[in-house]
Amino acid sequence: MSLALEPSVGPATTKQVTRERIAGNVQRYGAAIVLGLLLVVGSFAFPTFPTVSNFTNIATQSSFLLIVAVGMTFVILTGGIDLSVGSVYALGGILAAYGSTWGIAGAVLLPLLVCGTVGILQGLLIAYGGMAPFIVTLAGLLGIRGLVFALTNEGANTPLIKDASVTALGQGGLLGLRWPVVIAVVVVVIGSVLLARGRGSQTVLAVGGSESAAVLMGLPVARVKFSVYVVSGLCAGLAGALNAAYSSSGVPTVGVGLELSAIAAVVIGGTLLTGGRGNLIGTTAGVLLLTVIQNLINQVGSLTSSVQAVVSGIFLAVVVIIQTVLSRTQRL
Amino acid sequence: MTDQLSTAAPAPVLEARGVGKTFTGVAALQGVDFTLRAGESLALMGENGAGKSTLIKVLTGVYQPDEGQIFLHGEPASFAKPVDAQHAGISTIYQEVNLVPLMTVAQNIFLGREPRNRFGLIDFRKMQEDARALLATYDIHVDVRRPLRSLALGMQQMVALARAVSIDARVVIMDEPTSSLEAREVETLFRVIGMLRSQGIAIVYVSHRMDEIFAICETVTVLRDGKVVHNGRLTDLSRVELVALMLGRSVEKVKRGGVTAFGEVKEGEGEPVLTARDLSRKHQISGIGLDIRPGEVVGLGGLLGSGRSETLKAMAGVMQLDEGSLTVDGKRVRSGSVAAAIKAGVVMLPEDRKAEGIVPNLSIRDNIVLAALPRLSRAGFTSRAKQDAIVDVFMKRLRIKAASPNQVVSELSGGNQQKVMIARWLAMNPKVLLLDEPTRGIDVGAKAEVQALINELADEGLAIVLVSSELEEVVEGSARVVVLRDGSVERELRGSEVTEQHLMAALVGENHAPADESPAEIKERL
Ligand SMILES: Nc1ncnc2c1ncn2[C@@H]1O[C@H](COP(=O)(O)OP(=O)(O)OP(=O)(O)O)[C@@H](O)[C@H]1O
Ligand SMILES: [Mg+2]
């Protein structure tokens with residue numbers, strides 16, 4: 001009987017499986033491979049590129065976006081989207097500055113509390129209210145930015161952080177790495193373990209892969225959809241707070257367009273925009289890639305930031321094309 | 001009629017009393033009484049849209065009944081969600097999606113109840129071992145680390161079944177599990193069902209294939225227009241009687257219908273409208289040549305993996321070719337382009353209609369006229385009246401059961417969705433029609449309609465290629481049969497050779513059917 005069923009897989013089974021596996025791996029680790037190549041090429045091209053201080057810089061710059069992108073990865077894996085993260089990031093920064101009057105605890109807990117609540121509200125509307133993530137979080141993007149401006153006298157105030165322990169959270173570090181980098185790494189590691197082997201991880205993937213099947217299988221679909229928006233809100237708030245600590249102030253205008261960078265990093269990292277497949281190592285590589293491209297363009301010196309935007313855009317387009325081709329290879 | 005069962009019958013496991021369910025304007029179920037006893041295997045029968053899937057969904061917590069009550073082991077029960085029914089020991093394979101294609105076989109089997117290690121993390125190694133062991137008990141051997149979508153449809157269905165059964169089920173409900181299976185996969189499925197029955201698990205089985213029903217079920221409940229019209233033992237009914245019950249017609253009237261509804265078939269004359277030469281694609285088909293003339297139905301015979309569907313896909317431009325040419329009316333058609341094929345007048349009804357073709361959120365009328373739009377429009381404008389006329393004709397002809405042409409397709413019953421697909425391709429007024437399993441999943445009444453329609457279309461001069469896993473459909477519907485084997489043409493049966501016996505012999509690669517061997521014996525060897 002087992003024999004009888006074999007032919008339906010096709011005569012080229014082993015070859016096909018190998019091809020599938022290669023395609024799958026390229027999709028998973030493609031960003032990391034390109035990142036490696038860029039690092040090598042960059043090091044040969046620009047003597048000022050492969051220095052410790054430059055790499056530390058890249059790491060610090062990446063860390064804020066990376067924390068946001070981790071939350072975004074979870075959201076996108078369920079087939080959703082969170083457009084509010086840029087605004088929530090700014091809110092987190094402002095609240096960290098205000099909260100810093102109570103020291104480090106206030107600077108971290110206040111943003112987490114409020115931004116987590118934003119995530120809870122969005123999650124409730126999406127998971128239990130059945131509303132479209134795009135619309136709900138677009139409202140979040142606009143509304144939260146408005147709130148940020150309301151809290152800062154139309155953006156005229158930039159609350160400063162005077163508490164030394166809070167600025168140390170942004171500027172200080174461990175083994176030559178700044179705290180934001182260390183925290184980002186911890187977030188990625190915890191996220192990776194949860195995603196690979198945690199309780200709800202399979203449901204996250206199933207919801208993104210086929211929501212109707214997940215419902216019929218009796219999986220806790222609503223709960224998981226709700227959770228990812230809470231996680232995303234917390235991540236964006238944390239990143240915003242760390243950024244404020246790093247720059248010693250809560251700037252009302254930070255994080256404009258951050259949601260797009262986060263989405264780009266996630267997709268470049270091999271997560272399917274439709275959900276159901278992806279991982280945080282890829283997301284990390286995606287974030288680093290965006291930062292390294294920016295850094296290399298800065299090395300050239302004469303080029304403007306608009307060039308950088310064009311390069312990132314082309315990059316994203318290429319990645320999406322490759323992803324489409326790869327997932328088609330895997331289906332055949 | 002239920003009385004004859006109640007003598008010393010085991011206690012009911014699952015019951016419904018007076019259940020009603022209404023969707024916007026459509027009464028899908030009305031006062032339905034349903035009883036399933038321990039160890040029973042029950043066939044749930046009825047036309048497309050009779051309410052079978054709805055009853056199953058009400059029984060398993062996908063829908064809540066508007067009225068009536070569900071009983072589990074004699075106690076009133078209500079399942080708020082499908083998972084509640086699963087916890088109560090009721091496992092269901094629904095007619096639509098059941099699994100997640102991107103995830104691996106093992107992940108799919110254990111979704112929602114993954115084995116964990118002592119840190120509470122998922123233990124993938126154990127999961128894979130368990131999945132392998134579970135599938136092995138049903139003699140299925142696949143790499144459980146492969147994504148589900150890389151498996152053949154039939155295999156995916158087996159995985160769904162393995163999952164359903166492994167949840168400690170006392171009741172297993174299957175809604176048309178075989179509608180995407182090949183004959184040999186069906187055999188495997190039956191073996192599994194046999195094992196379940198011997199474990200005393202009660203089974204509810206929905207299918208439009210009479211053979212299957214009579215092979216595995218003891219009792220039958222027949223639904224018509226949302227009401228139960230019959231309850232009883234299957235052995236007390238003949239096929240004709242069962243069909244008559246489903247359709248609500250007299251036995252005499254049904255008898256006149258015959259096995260299939262095909263009329264006289266004849267070979268086409270004149271120049272071929274479609275000529276395929278040397279169609280090849282690595283690992284799938286090699287050097288296939290076909291000539292199809294106007295007005296003829298050519299059957300494509302072959303076993304699983306013989307390249308029947310691939311040949312159709314090649315001709316319809318769905319599949320890229322490595323080599324080969326296709327000409328329609330003497331003009332070369334670019335290969336690998338559906339648009340080019342359609343422009344030349346070649347259209348295909350695909351095999352997997354769940355995944356390919358249906359636009360679930362569009363209305364019936366939009367789905368039907370979708371592909372025909374270019375033909376119906378002038379300077380970018382489409383005539384509403386023309387569309388309505390076409391939609392009306394096909395809805396009547398195929399007996400599509402719906403509230404109105406404006407109902408969205410996702411609300412239709414599974415069989416009626418298929419009829420919408422068939423209507424769409426017919427509405428394009430093609431020259432060559434490629435049909436892959438045209439009657440799969442549709443009820444006996446509609447099957448006859450489709451078969452009669454195929455006949456009529458051929459009479460009107462259409463050239464038709466027919467693929468079906470039901471041998472009698474190929475044999476009775478086609479004037480000649482081209483038999484494929486391992487991706488190439490094995491031989492061609494014409495005239496008096498077009499019999500089930502010859503076809504089966506050709507399928508296994510023998511040139512002449514031994515006269516002393518009955519079709520059943522050959523079937524055995526397949
Ligand atoms: N979600 C829904 N919304 C509106 N109408 C529906 C919905 N689901 C089913 N119906 C209607 O209820 C009726 C019964 O449908 P059901 O799916 O139970 O039929 P079925 O017996 O399973 O048919 P098939 O053999 O084609 O699968 C049909 O007329 C269908 O259009
Ligand atoms: Mg149904």
# chains A, B, ... in the order shown; residues from 1 in each chain; ligands from 1
$ interface_residues --of "chain B" --to "chain A" --cutoff "8 Å" --atoms "only C-alpha atoms" --output "number ranges by chain"
B: 62, 81-84, 86, 97-103, 107, 111-112, 120-123, 139-141, 149-152, 155, 184-185, 188, 283-284, 304-305
$ residues_near_ligand --ligand "ligand 1" --cutoff "8 Å" --atoms "only C-alpha atoms and all ligand atoms" --output "short mmCIF file (atom, residue, chain, number, x, y, z; two decimals) with N, CA and C atoms, in the first residue's frame"
data_model
loop_
_atom_site.label_atom_id
_atom_site.label_comp_id
_atom_site.auth_asym_id
_atom_site.auth_seq_id
_atom_site.Cartn_x
_atom_site.Cartn_y
_atom_site.Cartn_z
N THR B 22 -30.82 27.98 10.19
CA THR B 22 -31.18 28.82 9.05
C THR B 22 -30.06 29.82 8.78
N PHE B 23 -29.62 29.90 7.53
CA PHE B 23 -28.71 30.97 7.12
C PHE B 23 -29.56 32.01 6.41
N THR B 24 -29.12 33.25 6.47
CA THR B 24 -29.88 34.33 5.84
C THR B 24 -30.86 33.84 4.77
N VAL B 26 -32.03 30.97 4.01
CA VAL B 26 -32.03 29.57 3.59
C VAL B 26 -32.14 28.66 4.82
N ALA B 27 -33.16 27.81 4.82
CA ALA B 27 -33.28 26.85 5.91
C ALA B 27 -32.43 25.64 5.56
N ALA B 28 -31.22 25.59 6.09
CA ALA B 28 -30.31 24.49 5.75
C ALA B 28 -30.71 23.21 6.46
N LEU B 29 -31.26 23.30 7.67
CA LEU B 29 -31.74 22.13 8.41
C LEU B 29 -33.08 22.47 9.05
N MET B 45 -26.44 10.75 3.56
CA MET B 45 -26.58 10.94 2.12
C MET B 45 -27.50 12.10 1.81
N GLY B 46 -27.40 12.60 0.60
CA GLY B 46 -28.27 13.67 0.16
C GLY B 46 -27.65 14.41 -1.01
N GLU B 47 -28.50 15.12 -1.73
CA GLU B 47 -28.02 15.89 -2.88
C GLU B 47 -27.08 17.01 -2.42
N ASN B 48 -26.45 17.66 -3.37
CA ASN B 48 -25.66 18.85 -3.05
C ASN B 48 -26.58 19.89 -2.44
N GLY B 49 -26.17 20.39 -1.29
CA GLY B 49 -26.98 21.42 -0.65
C GLY B 49 -28.11 20.86 0.19
N ALA B 50 -28.12 19.54 0.42
CA ALA B 50 -29.19 18.94 1.22
C ALA B 50 -29.02 19.29 2.70
N GLY B 51 -27.81 19.63 3.09
CA GLY B 51 -27.58 20.01 4.48
C GLY B 51 -26.65 19.08 5.24
N LYS B 52 -25.95 18.20 4.54
CA LYS B 52 -25.07 17.23 5.21
C LYS B 52 -23.95 17.94 5.98
N SER B 53 -23.24 18.79 5.28
CA SER B 53 -22.12 19.47 5.94
C SER B 53 -22.61 20.35 7.08
N THR B 54 -23.75 20.97 6.88
CA THR B 54 -24.30 21.83 7.94
C THR B 54 -24.64 20.99 9.17
N LEU B 55 -25.24 19.82 8.96
CA LEU B 55 -25.57 18.97 10.11
C LEU B 55 -24.29 18.59 10.86
N ILE B 56 -23.27 18.24 10.10
CA ILE B 56 -22.01 17.86 10.74
C ILE B 56 -21.44 19.03 11.54
N GLN B 95 -15.31 19.04 5.14
CA GLN B 95 -15.23 18.99 3.68
C GLN B 95 -14.18 19.96 3.16
N ASP B 175 -16.46 14.09 6.10
CA ASP B 175 -17.29 14.74 5.09
C ASP B 175 -16.58 14.68 3.74
N GLU B 176 -17.02 13.78 2.91
CA GLU B 176 -16.44 13.56 1.57
C GLU B 176 -14.92 13.45 1.60
N SER B 207 -20.46 10.74 1.37
CA SER B 207 -19.85 10.60 0.05
C SER B 207 -20.94 10.55 -0.99
N HIS B 208 -20.58 10.94 -2.20
CA HIS B 208 -21.54 10.81 -3.29
C HIS B 208 -21.28 9.54 -4.09
N LEU B 223 -30.88 12.91 3.83
CA LEU B 223 -31.39 14.27 3.96
C LEU B 223 -31.88 14.76 2.60
N ASP B 225 -33.35 18.57 1.18
CA ASP B 225 -33.74 19.94 1.48
C ASP B 225 -33.78 20.23 2.97
N GLY B 226 -32.79 19.74 3.67
CA GLY B 226 -32.67 20.05 5.09
C GLY B 226 -33.53 19.22 6.01
N LYS B 401 -27.91 25.08 -6.50
CA LYS B 401 -28.86 25.39 -5.43
C LYS B 401 -28.35 26.59 -4.65
N ALA B 402 -29.04 27.70 -4.77
CA ALA B 402 -28.61 28.92 -4.09
C ALA B 402 -29.80 29.84 -3.93
N ALA B 403 -29.66 30.79 -2.99
CA ALA B 403 -30.74 31.73 -2.75
C ALA B 403 -30.96 32.61 -3.98
N SER B 410 -18.75 31.23 -1.32
CA SER B 410 -18.30 30.54 -0.11
C SER B 410 -19.46 30.06 0.74
N GLU B 411 -20.66 30.58 0.50
CA GLU B 411 -21.80 30.14 1.29
C GLU B 411 -22.48 28.91 0.70
N LEU B 412 -22.05 28.50 -0.48
CA LEU B 412 -22.70 27.35 -1.11
C LEU B 412 -22.17 26.04 -0.54
N SER B 413 -22.93 24.99 -0.74
CA SER B 413 -22.44 23.68 -0.34
C SER B 413 -21.31 23.29 -1.28
N GLY B 414 -20.47 22.34 -0.83
CA GLY B 414 -19.28 21.97 -1.58
C GLY B 414 -19.58 21.61 -3.03
N GLY B 415 -20.60 20.80 -3.23
CA GLY B 415 -20.94 20.35 -4.57
C GLY B 415 -21.41 21.49 -5.45
N ASN B 416 -22.15 22.39 -4.87
CA ASN B 416 -22.65 23.51 -5.66
C ASN B 416 -21.53 24.47 -6.06
N GLN B 417 -20.48 24.55 -5.23
CA GLN B 417 -19.32 25.35 -5.61
C GLN B 417 -18.69 24.78 -6.88
N GLY B 441 -17.34 14.73 -6.46
CA GLY B 441 -17.91 15.53 -5.39
C GLY B 441 -19.30 16.09 -5.66
N ILE B 442 -19.88 15.74 -6.83
CA ILE B 442 -21.24 16.23 -7.02
C ILE B 442 -22.21 15.07 -6.99
N ASP B 443 -23.45 15.35 -6.62
CA ASP B 443 -24.38 14.27 -6.31
C ASP B 443 -24.86 13.55 -7.57
#
$ residues_around --residues "segment 167-183 of chain A" --least-positions-apart "6" --cutoff "9 Å" --atoms "only C-alpha atoms" --output "ChimeraX atom specification"
/A:56,59-64,67,104,161,239,242-248
$ write_last_selection --atoms "C-alpha atoms" --output "mmCIF file, in the first residue's frame"
data_model
loop_
_atom_site.group_PDB
_atom_site.id
_atom_site.type_symbol
_atom_site.label_atom_id
_atom_site.label_comp_id
_atom_site.auth_asym_id
_atom_site.auth_seq_id
_atom_site.Cartn_x
_atom_site.Cartn_y
_atom_site.Cartn_z
ATOM 1 C CA THR A 56 29.624 49.002 17.832
ATOM 2 C CA ALA A 59 25.024 47.264 16.624
ATOM 3 C CA THR A 60 23.605 50.127 18.680
ATOM 4 C CA GLN A 61 21.736 51.617 15.737
ATOM 5 C CA SER A 62 20.255 48.213 14.909
ATOM 6 C CA SER A 63 19.232 47.323 18.430
ATOM 7 C CA PHE A 64 16.154 49.595 18.624
ATOM 8 C CA ILE A 67 13.434 44.892 19.208
ATOM 9 C CA ILE A 104 15.104 53.419 36.187
ATOM 10 C CA ILE A 161 16.249 62.501 31.083
ATOM 11 C CA ALA A 239 12.647 49.953 22.132
ATOM 12 C CA LEU A 242 15.828 52.401 25.389
ATOM 13 C CA ASN A 243 16.228 54.874 22.556
ATOM 14 C CA ALA A 244 15.186 57.707 24.885
ATOM 15 C CA ALA A 245 17.671 56.530 27.490
ATOM 16 C CA TYR A 246 20.353 56.387 24.806
ATOM 17 C CA SER A 247 19.661 59.930 23.571
ATOM 18 C CA SER A 248 18.802 61.288 27.035
#
$ select_by_dssp --residues "segment 143-280 of chain A" --states "helix (DSSP H, G or I)" --output "JSON, numbers by chain"
{"A": [143, 144, 145, 146, 147, 148, 149, 150, 151, 164, 165, 166, 167, 168, 169, 170, 171, 179, 180, 181, 182, 183, 184, 185, 186, 187, 188, 189, 190, 191, 192, 193, 194, 195, 196, 197, 201, 202, 203, 204, 205, 206, 207, 208, 209, 211, 212, 213, 214, 215, 216, 221, 222, 223, 224, 225, 226, 227, 228, 229, 230, 231, 232, 233, 234, 235, 236, 237, 238, 239, 240, 241, 242, 243, 244, 245, 246, 247, 258, 259, 260, 261, 262, 263, 264, 265, 266, 267, 268, 280]}
$ closest_residue --among "B:Ala385, B:Ala77, B:Ala339, B:Leu44" --to "ligand 2" --atoms "only C-alpha atoms and all ligand atoms"
B:Leu44
